Amino acid sequence: MASKSATKDIITLRGSAAIVSEFFGYAANSILYNRGVYPEESFARVKKYGLPMLLTQDEGVKSFISNLTSQLSEWLEEGKLQRMVLVIMGKQTGEVFERWNFSIETDGEVVEKGISREKSDKEIMREIQAIMRQIASSITYLPCLEEPCVFDVLAYTDKDCAVPFTWIESDPKLIDNPQMVKLHSFDTKIHKVDTLVSYKNDEWDEP
Amino acid sequence: MIIRTPAPRKRRAESEPPEDDNNNNNNTQTPNSNRQQLLIYEDLQAPEYSHGHSTPTTSDQMLCTYQCRQMVKSEFFDALSSAEKQAHDYQSKFKALNEDFSKSESERKKFRDKCFNAEQELSAAKGREQNLQEQLRKEIDFSQEHLRKQIQSFSELEVKFQKEMDLRKKAELTAAKAEDKASVLEEKLSTVSESIVREKSRLQNELVQMRSESKLSLSRISADLEKMEFRAKNAEKESALLKEQLEENKRRMDEFMKEKYEMDKNVSVKSPEASSKDANLLVKHLQEELRNYESEVREARKIKAYHEDIELLKEKLYEEKRRRERAELDLVKLSDLQLNVNTLNDELSIWKSVVKEIPGVLSADDIPSKFAALQREVADSMRRAGEAQACMKEIQVALDTAMLDKQTAETEAALAKEKAESSEAEIKRLELMERDRLQNLVKELKERKNVEGGTELAGGTIVQELESSLAKKENYVRELENSLSEQKEINSRQHNEIKLLNERLTNEARRLKMLERDGDRLRSEISLLESKLGHGDFSSANTKVLRMVNTLAVDNEAKQTIEALQNELQKTKEQLQAVDELKKQSSDAGAHVDSYIAGKIKQLKEQIAKLEKREERYKTVFAERISVFRRACCELFGYKIVMDDHQRSDGIPVTRFTLNSIYALSDDEKLQFDYESGNTNIVVNEYTSQREISRQVDIFIRKMNSIPAFTANLTVESFNKRTLS
C-alpha cells in the first residue's frame, strides 16, 4: 500500500485507491449497523483505524461489498470515479430515506503521469477516524427508520467509463427537499473524499 | 630765579595765541608751551638776608620787577585769556560732544528699542515657530498615527486582497476548468449526437431486419408448429388408439391367460404333447403380441421424440418472441435515446440561453473570447492591484521621506532655536559690550571733560560698532525669517502629500470593498454548488450513474435451482436406465412384462410430464443465463454471435455462427463460420471477399490457423475506423 520513507510516507495511485475503497467498505458496514438495516447480531467487531469497527457476517452482503470495493478500486486507479452514494430505501415502498454521499476529487496529474505524493499514514488514519466517529454519532440527529429498509450503492462515473456487465445504469435516487449535514473529509493527496449525508425531512421537523 | 625773557619772548607770547587759535586741535601741546612760557617769579630776598648784608635795592630793580610783574601779569592775563578761550572752546566742544553723545544715546536708545522690538519680534516669531512646530508635531504625529492605522488597515486589506486574489484565481481555475469541460462537453455532445444518429440508423436497420427475420421465423415456426401440432394430434390419436389396442391386448392377454390356465388344466388332464404344442402356439402368439407391443413402444418413443421436437420448436418460438421483445425493448431504448437526445437538446438550449445571458456573447464561439476578455479584465485588475501596491509603497517611501523631512525640520528648528539663542546671547553680549563701551566712553569723556577732554573719535567708533552689531542682528533676523518661511513651505508640501496619500488610501479601500463583495458572491456560488452536489445533482453530459445488479439473492437462488435441476437430471437418468433394463427384461418375460410395462409406461409418462415441466424451468433459467452469457461475450469480445443449424448441400447438418462486430459500420459486415464436429471453417461472403478482409483471412486463418487472432485484429481495425470517423 504505502511505502514508508525516512520522514514521510509515499502514497502511490494504487495505494490511495486501496485506502479509499477500503474506507468505503468499512463506512458502508458502519452505516448499515448504525442505521439498523441489518440486525446487530449479524455484525462482528474488528479493530480498524484505531477504533472498534463492525463488519457484517452475512455472506451475501459480504460478497456484495467485496465485489463493490474491488470495482471501486479499479475505477479509482483509472480516475473515472466521481462519487459513491450509499442509498437507504424502504423495502416495501422503495422510497429513499437517506443518501450517504462520498464525493471524490482525483489529482489528474497523478493519474496521467503516475507520480506519487507524500503524506503520513497516521494523518490519513486520523482523518478517517474522525469521519467514522461522525458516522457513529449521526444517529443523534438522523430520523428513525420506521420500516424495514434495504440499501443500494450508486457510482457516479465519467461518461466514457466502460460499464462492467455486473453493473447497469440507474437513476440517481434523489430525495425531494432533503436536509443535508456535511461531515469531515480526508485527503490522501491523490484522492480527496468529502462526506455528506442527506436525509428526508422527518414529519415532526416539517413546519 | 627769574629768567628774564627778552622782547622776542613777548613776540612769542603774542604770536602764540593766534597759533593757539589756529591749533585748537593740538590742545595737549599748548598747555605745555604755555607752561614753558609762564614763568614763576620768585623773590629771592631771603638769601640776601642770609648773608647778612643789607644792600639798598635800586629803583631800577624795583621797576624792573614791576615791569617784569606787569609783563608777567600781562603774559599771565594773555595766557589766562587764551586758556579761557581754550576752555570756552573746550566747553563748546564738550557741549557738542555732549550733544553728540546725547544723540548717540538717543540713537542707541532707538537702536535698543529696535533691538527690543527685534527681540520681541524674535520671541514672537519664536513663539509662533514653537506653536507652528507644536502644530507641525501634532499634525505629524496625527498623520503618522493615521498613516500607521492606514498602513495597518492596508496590510490587513492587502492580506484580504491576496486571499481574494487566491479565491479569484481558484475561481478562474474553476472557470477555466468549466470552460474546458464545456468545450469537452460540446465535443462529446457532437460525438454523442453523431453516435446517436448512427446508432439510430443502425438500430432502425437492425429493427427492420429483425422484424423481417422474426416475421419469417414466426411464419416458419408457426407452420412448423402447426405441422407438429397436427403430428402431435395424430400421435396422440395413435397413442390413444394404441392404448385402446393395448387394453384390448391386455384383455385378450387376460383371456388368453385364462384360456391358457384352463388349457393347462385341460392339458394336464389331456395328453402332454398337445399341451406343448398349444403352449408353443401361445408362446408364439405372445411373442407376436410382444413384438406388437415393442413396436407400439417404439411408436410411443417416436411420439415422445415428436413431443420433444415440439418442445424445441416451442422454445424456438419463445426465443423468437424474446427477440421480438428485445427488439421492442430496443425500440423503447430508442425512444429513451430520443428522450436523451431531447434532454441533450434541452441542455444545449439551456447552455445557449446561458450563453445569451452572458453579456457580449452571441454564440458558443464567443464564449472563449468572452473568457479571454474576462481573463484580460482579471489581468488588468491584477495589474491595477500591483500598481496600487506600488503606489502604497511609494506612499510609504513618501511617508519615510516626510518623517525624515520632519526630523530635518526639527533639527533645523532646533538649530534655529540655537541660532536665535546664540543671537540673543550675542545681542546681550553686544549690548553689554556697548554699555561697557559707552560707560567707558562716558567716563573718559568726563575725565577728558575734567582735563579738557575731547572724545569725538571714541564716540564715532562706538556708533560704528553699534551700527555693525545692528546690521548683524538684522541679518540674523532675516536668516531666521527665511528659515521660517522654508519651514512653512516644507510643512505645506507635506500637508499636500498627506492629502494625496489619504485620497489614494480611500480609493484603494473602495477597490478592496469591491473585491470583498466579489469574494462573498463567489463564496455564495460555491455554497450553492456544494448544496447541489449534496443533493445529488449531476451533469448527465459527463457523468453517469451506475448500480450493481443485486446478486445478493439471485446468486443463491440460481445455485439452488442448478443443484435441484442436477439432482432431478440424475434421477431421470436412473429412471430411464431402469426403464431400459425393464424393456430388456420384458423381451424375455411375457405377461409379467405387459403389466409391468403398462405400469412403467404410466410412471414414465408421469415422470415425463414432471421432467417436461422441469425442462421448461431449466430452459427458462438457462435461456436467461445464456442471454447474459451472450451479452457478456458480446461486450467482452466485441461480436454478436448468432447460432443457427444449417444443412449443407450434401445434406450434412452443420452449425453456423454469424458474427456481427459492434464496431461495424453497416449490417453487411458480418463473418460466418461453419462448425462441424470440432472443426470451424470460415464461410466466404461479400464482406470476407473484400480485399482487406480476404488478406487478413489468408494471413490469420489460412496461414496461422488462428480465428481468434483474425477476429481480434478485425475488431481493433473497425474500432480504429469508428473512433477516427
# chains A, B, ... in the order shown; residues from 1 in each chain; ligands from 1
$ interface_residues --of "chain B" --to "chain A" --cutoff "6 Å" --atoms "only C-alpha atoms" --output "short mmCIF file (atom, residue, chain, number, x, y, z; two decimals) with N, CA and C atoms, in the first residue's frame"
data_model
loop_
_atom_site.label_atom_id
_atom_site.label_comp_id
_atom_site.auth_asym_id
_atom_site.auth_seq_id
_atom_site.Cartn_x
_atom_site.Cartn_y
_atom_site.Cartn_z
N ASN B 542 -21.49 14.59 -18.67
CA ASN B 542 -20.19 13.99 -18.38
C ASN B 542 -20.22 13.01 -17.21
N THR B 543 -21.39 12.67 -16.74
CA THR B 543 -21.48 11.74 -15.60
C THR B 543 -22.60 10.75 -15.87
N LYS B 544 -22.37 9.51 -15.44
CA LYS B 544 -23.47 8.54 -15.48
C LYS B 544 -23.51 7.81 -14.15
N VAL B 545 -24.72 7.37 -13.82
CA VAL B 545 -24.95 6.73 -12.53
C VAL B 545 -25.10 5.23 -12.78
N LEU B 546 -24.31 4.46 -12.07
CA LEU B 546 -24.35 3.01 -12.22
C LEU B 546 -24.70 2.39 -10.89
N ARG B 547 -25.37 1.23 -10.97
CA ARG B 547 -25.59 0.46 -9.77
C ARG B 547 -25.31 -0.98 -10.08
N MET B 548 -24.93 -1.69 -9.01
CA MET B 548 -24.59 -3.08 -9.21
C MET B 548 -25.86 -3.88 -9.31
N VAL B 549 -25.86 -4.87 -10.19
CA VAL B 549 -27.00 -5.77 -10.24
C VAL B 549 -27.04 -6.51 -8.92
N LEU B 552 -27.27 -10.36 -4.56
CA LEU B 552 -27.31 -10.92 -3.21
C LEU B 552 -28.25 -12.11 -3.14
#
$ residues_around --residues "region 160-162 of chain B" --least-positions-apart "4" --cutoff "9 Å" --atoms "only C-alpha atoms" --output "PyMOL selection string"
chain B and resi 155-156+166-167+385+512+515-516
$ write_last_selection --atoms "N, CA and C atoms" --output "mmCIF file, in the first residue's frame"
data_model
loop_
_atom_site.group_PDB
_atom_site.id
_atom_site.type_symbol
_atom_site.label_atom_id
_atom_site.label_comp_id
_atom_site.auth_asym_id
_atom_site.auth_seq_id
_atom_site.Cartn_x
_atom_site.Cartn_y
_atom_site.Cartn_z
ATOM 1 N N SER B 155 -2.406 46.804 5.259
ATOM 2 C CA SER B 155 -1.785 45.472 5.278
ATOM 3 C C SER B 155 -2.837 44.398 5.444
ATOM 4 N N GLU B 156 -3.820 44.694 6.364
ATOM 5 C CA GLU B 156 -4.913 43.722 6.538
ATOM 6 C C GLU B 156 -5.692 43.560 5.243
ATOM 7 N N ASP B 166 -6.435 34.952 -4.361
ATOM 8 C CA ASP B 166 -6.314 33.491 -4.423
ATOM 9 C C ASP B 166 -7.654 32.868 -4.781
ATOM 10 N N LEU B 167 -8.703 33.408 -4.091
ATOM 11 C CA LEU B 167 -10.048 32.888 -4.394
ATOM 12 C C LEU B 167 -10.386 33.146 -5.854
ATOM 13 N N ALA B 385 -4.025 46.275 -9.207
ATOM 14 C CA ALA B 385 -3.707 45.952 -7.818
ATOM 15 C C ALA B 385 -2.210 46.075 -7.585
ATOM 16 N N LEU B 512 -10.920 47.542 -2.487
ATOM 17 C CA LEU B 512 -10.899 46.351 -1.640
ATOM 18 C C LEU B 512 -12.315 45.940 -1.259
ATOM 19 N N LEU B 515 -13.725 44.062 -4.100
ATOM 20 C CA LEU B 515 -13.176 42.702 -4.151
ATOM 21 C C LEU B 515 -13.800 41.828 -3.084
ATOM 22 N N GLU B 516 -14.033 42.425 -1.916
ATOM 23 C CA GLU B 516 -14.688 41.649 -0.854
ATOM 24 C C GLU B 516 -16.078 41.229 -1.304
#
$ select_by_dssp --residues "region 111-204 of chain A" --states "helix (DSSP H, G or I)" --output "list in words"
Val111, Glu112, Lys113, Asp121, Lys122, Glu123, Ile124, Met125, Arg126, Glu127, Ile128, Gln129, Ala130, Ile131, Met132, Arg133, Gln134, Ile135, Ala136, Ser137, Ser138, Ile139 and Thr140 of chain A
$ write_last_selection --atoms "N, CA, C and O atoms" --output "CSV table (one decimal), in the first residue's frame"
chain,number,residue,atom,x,y,z
A,111,VAL,N,-2.8,10.6,-12.1
A,111,VAL,CA,-3.3,9.6,-12.9
A,111,VAL,C,-2.6,9.6,-14.3
A,111,VAL,O,-2.3,8.5,-14.8
A,112,GLU,N,-2.4,10.8,-14.8
A,112,GLU,CA,-1.7,10.9,-16.1
A,112,GLU,C,-0.3,10.5,-16.1
A,112,GLU,O,0.2,9.7,-16.9
A,113,LYS,N,0.5,11.0,-15.1
A,113,LYS,CA,1.9,10.8,-15.1
A,113,LYS,C,2.4,9.7,-14.2
A,113,LYS,O,3.6,9.3,-14.3
A,121,ASP,N,0.8,8.3,6.9
A,121,ASP,CA,-0.3,7.3,7.1
A,121,ASP,C,-1.1,7.6,8.3
A,121,ASP,O,-2.4,7.5,8.3
A,122,LYS,N,-0.4,8.1,9.3
A,122,LYS,CA,-1.1,8.3,10.6
A,122,LYS,C,-2.1,9.5,10.4
A,122,LYS,O,-3.2,9.5,11.0
A,123,GLU,N,-1.7,10.5,9.7
A,123,GLU,CA,-2.6,11.6,9.4
A,123,GLU,C,-3.8,11.2,8.7
A,123,GLU,O,-5.0,11.6,9.1
A,124,ILE,N,-3.7,10.3,7.7
A,124,ILE,CA,-4.8,9.8,6.9
A,124,ILE,C,-5.7,9.0,7.9
A,124,ILE,O,-7.0,9.2,7.9
A,125,MET,N,-5.1,8.2,8.7
A,125,MET,CA,-5.9,7.4,9.6
A,125,MET,C,-6.7,8.2,10.5
A,125,MET,O,-7.9,8.0,10.9
A,126,ARG,N,-6.1,9.3,11.0
A,126,ARG,CA,-6.8,10.2,11.9
A,126,ARG,C,-8.0,10.9,11.3
A,126,ARG,O,-9.0,11.0,11.9
A,127,GLU,N,-7.8,11.3,10.0
A,127,GLU,CA,-8.9,11.9,9.3
A,127,GLU,C,-10.0,10.9,9.1
A,127,GLU,O,-11.2,11.3,9.3
A,128,ILE,N,-9.7,9.7,8.8
A,128,ILE,CA,-10.7,8.7,8.5
A,128,ILE,C,-11.4,8.3,9.9
A,128,ILE,O,-12.6,8.2,9.9
A,129,GLN,N,-10.6,8.3,10.9
A,129,GLN,CA,-11.2,8.0,12.3
A,129,GLN,C,-12.3,9.1,12.6
A,129,GLN,O,-13.3,8.7,13.1
A,130,ALA,N,-12.0,10.3,12.3
A,130,ALA,CA,-12.9,11.4,12.6
A,130,ALA,C,-14.2,11.2,11.8
A,130,ALA,O,-15.3,11.4,12.4
A,131,ILE,N,-14.1,10.8,10.6
A,131,ILE,CA,-15.3,10.5,9.8
A,131,ILE,C,-16.1,9.3,10.4
A,131,ILE,O,-17.4,9.4,10.5
A,132,MET,N,-15.4,8.3,10.8
A,132,MET,CA,-16.1,7.1,11.4
A,132,MET,C,-16.8,7.5,12.6
A,132,MET,O,-18.0,7.1,12.9
A,133,ARG,N,-16.2,8.4,13.4
A,133,ARG,CA,-16.9,8.8,14.7
A,133,ARG,C,-18.1,9.6,14.3
A,133,ARG,O,-19.1,9.5,15.0
A,134,GLN,N,-18.0,10.4,13.3
A,134,GLN,CA,-19.2,11.2,12.9
A,134,GLN,C,-20.3,10.3,12.4
A,134,GLN,O,-21.5,10.6,12.7
A,135,ILE,N,-20.0,9.3,11.7
A,135,ILE,CA,-21.0,8.4,11.2
A,135,ILE,C,-21.7,7.7,12.4
A,135,ILE,O,-22.9,7.6,12.4
A,136,ALA,N,-20.9,7.3,13.4
A,136,ALA,CA,-21.5,6.7,14.6
A,136,ALA,C,-22.4,7.6,15.3
A,136,ALA,O,-23.4,7.2,15.9
A,137,SER,N,-22.0,8.9,15.4
A,137,SER,CA,-22.8,9.9,16.1
A,137,SER,C,-23.9,10.4,15.3
A,137,SER,O,-24.7,11.2,15.9
A,138,SER,N,-24.1,10.0,14.1
A,138,SER,CA,-25.1,10.6,13.2
A,138,SER,C,-26.5,10.1,13.7
A,138,SER,O,-27.5,10.8,13.4
A,139,ILE,N,-26.6,9.1,14.5
A,139,ILE,CA,-27.9,8.6,14.9
A,139,ILE,C,-28.6,9.6,15.8
A,139,ILE,O,-29.8,9.6,16.1
A,140,THR,N,-27.8,10.5,16.4
A,140,THR,CA,-28.4,11.5,17.3
A,140,THR,C,-29.3,12.5,16.5
A,140,THR,O,-30.2,13.1,17.1
$ residues_around --residues "region 17-26 of chain A" --least-positions-apart "5" --cutoff "8 Å" --atoms "only C-alpha atoms" --output "VMD selection string"
chain A and resid 1 53 to 55 65 to 66 69 to 70 72 to 74 76 to 77 128 191 193
$ write_last_selection --atoms "N, CA and C atoms" --output "PDB file, in the first residue's frame"
ATOM      1  N   MET A   1       0.828  -1.169   0.000  1.00  0.00           N
ATOM      2  CA  MET A   1       0.000   0.000   0.000  1.00  0.00           C
ATOM      3  C   MET A   1       0.880   1.242   0.000  1.00  0.00           C
ATOM      4  N   MET A  53     -14.516  -1.447  14.885  1.00  0.00           N
ATOM      5  CA  MET A  53     -15.431  -1.349  13.738  1.00  0.00           C
ATOM      6  C   MET A  53     -16.253  -2.621  13.662  1.00  0.00           C
ATOM      7  N   LEU A  54     -17.483  -2.481  13.090  1.00  0.00           N
ATOM      8  CA  LEU A  54     -18.383  -3.623  12.983  1.00  0.00           C
ATOM      9  C   LEU A  54     -18.500  -4.031  11.527  1.00  0.00           C
ATOM     10  N   LEU A  55     -18.291  -5.340  11.279  1.00  0.00           N
ATOM     11  CA  LEU A  55     -18.373  -5.859   9.912  1.00  0.00           C
ATOM     12  C   LEU A  55     -19.460  -6.921   9.860  1.00  0.00           C
ATOM     13  N   ILE A  65     -20.314  -6.376  -0.935  1.00  0.00           N
ATOM     14  CA  ILE A  65     -19.440  -5.244  -0.608  1.00  0.00           C
ATOM     15  C   ILE A  65     -18.023  -5.482  -1.131  1.00  0.00           C
ATOM     16  N   SER A  66     -17.559  -6.744  -1.075  1.00  0.00           N
ATOM     17  CA  SER A  66     -16.198  -7.001  -1.561  1.00  0.00           C
ATOM     18  C   SER A  66     -16.120  -6.807  -3.075  1.00  0.00           C
ATOM     19  N   THR A  69     -16.137  -3.008  -3.633  1.00  0.00           N
ATOM     20  CA  THR A  69     -14.886  -2.312  -3.323  1.00  0.00           C
ATOM     21  C   THR A  69     -13.815  -2.633  -4.360  1.00  0.00           C
ATOM     22  N   SER A  70     -13.815  -3.844  -4.891  1.00  0.00           N
ATOM     23  CA  SER A  70     -12.812  -4.165  -5.916  1.00  0.00           C
ATOM     24  C   SER A  70     -13.067  -3.344  -7.177  1.00  0.00           C
ATOM     25  N   LEU A  72     -14.619  -0.450  -7.267  1.00  0.00           N
ATOM     26  CA  LEU A  72     -14.305   0.940  -6.921  1.00  0.00           C
ATOM     27  C   LEU A  72     -12.811   1.183  -7.036  1.00  0.00           C
ATOM     28  N   SER A  73     -12.026   0.226  -6.560  1.00  0.00           N
ATOM     29  CA  SER A  73     -10.569   0.372  -6.618  1.00  0.00           C
ATOM     30  C   SER A  73     -10.112   0.516  -8.065  1.00  0.00           C
ATOM     31  N   GLU A  74     -10.712  -0.278  -8.953  1.00  0.00           N
ATOM     32  CA  GLU A  74     -10.335  -0.170 -10.372  1.00  0.00           C
ATOM     33  C   GLU A  74     -10.659   1.198 -10.915  1.00  0.00           C
ATOM     34  N   LEU A  76     -11.051   3.937  -9.304  1.00  0.00           N
ATOM     35  CA  LEU A  76     -10.230   4.973  -8.671  1.00  0.00           C
ATOM     36  C   LEU A  76      -8.842   5.017  -9.311  1.00  0.00           C
ATOM     37  N   GLU A  77      -8.306   3.858  -9.656  1.00  0.00           N
ATOM     38  CA  GLU A  77      -6.990   3.831 -10.313  1.00  0.00           C
ATOM     39  C   GLU A  77      -7.054   4.455 -11.699  1.00  0.00           C
ATOM     40  N   ILE A 128      -9.683   9.665   8.765  1.00  0.00           N
ATOM     41  CA  ILE A 128     -10.731   8.655   8.549  1.00  0.00           C
ATOM     42  C   ILE A 128     -11.414   8.343   9.875  1.00  0.00           C
ATOM     43  N   HIS A 191      -6.392  11.339  -3.745  1.00  0.00           N
ATOM     44  CA  HIS A 191      -7.847  11.332  -3.727  1.00  0.00           C
ATOM     45  C   HIS A 191      -8.316  12.087  -2.497  1.00  0.00           C
ATOM     46  N   VAL A 193     -11.720  12.836  -0.340  1.00  0.00           N
ATOM     47  CA  VAL A 193     -13.071  12.305  -0.163  1.00  0.00           C
ATOM     48  C   VAL A 193     -13.829  13.229   0.772  1.00  0.00           C
TER      49      VAL A 193
END
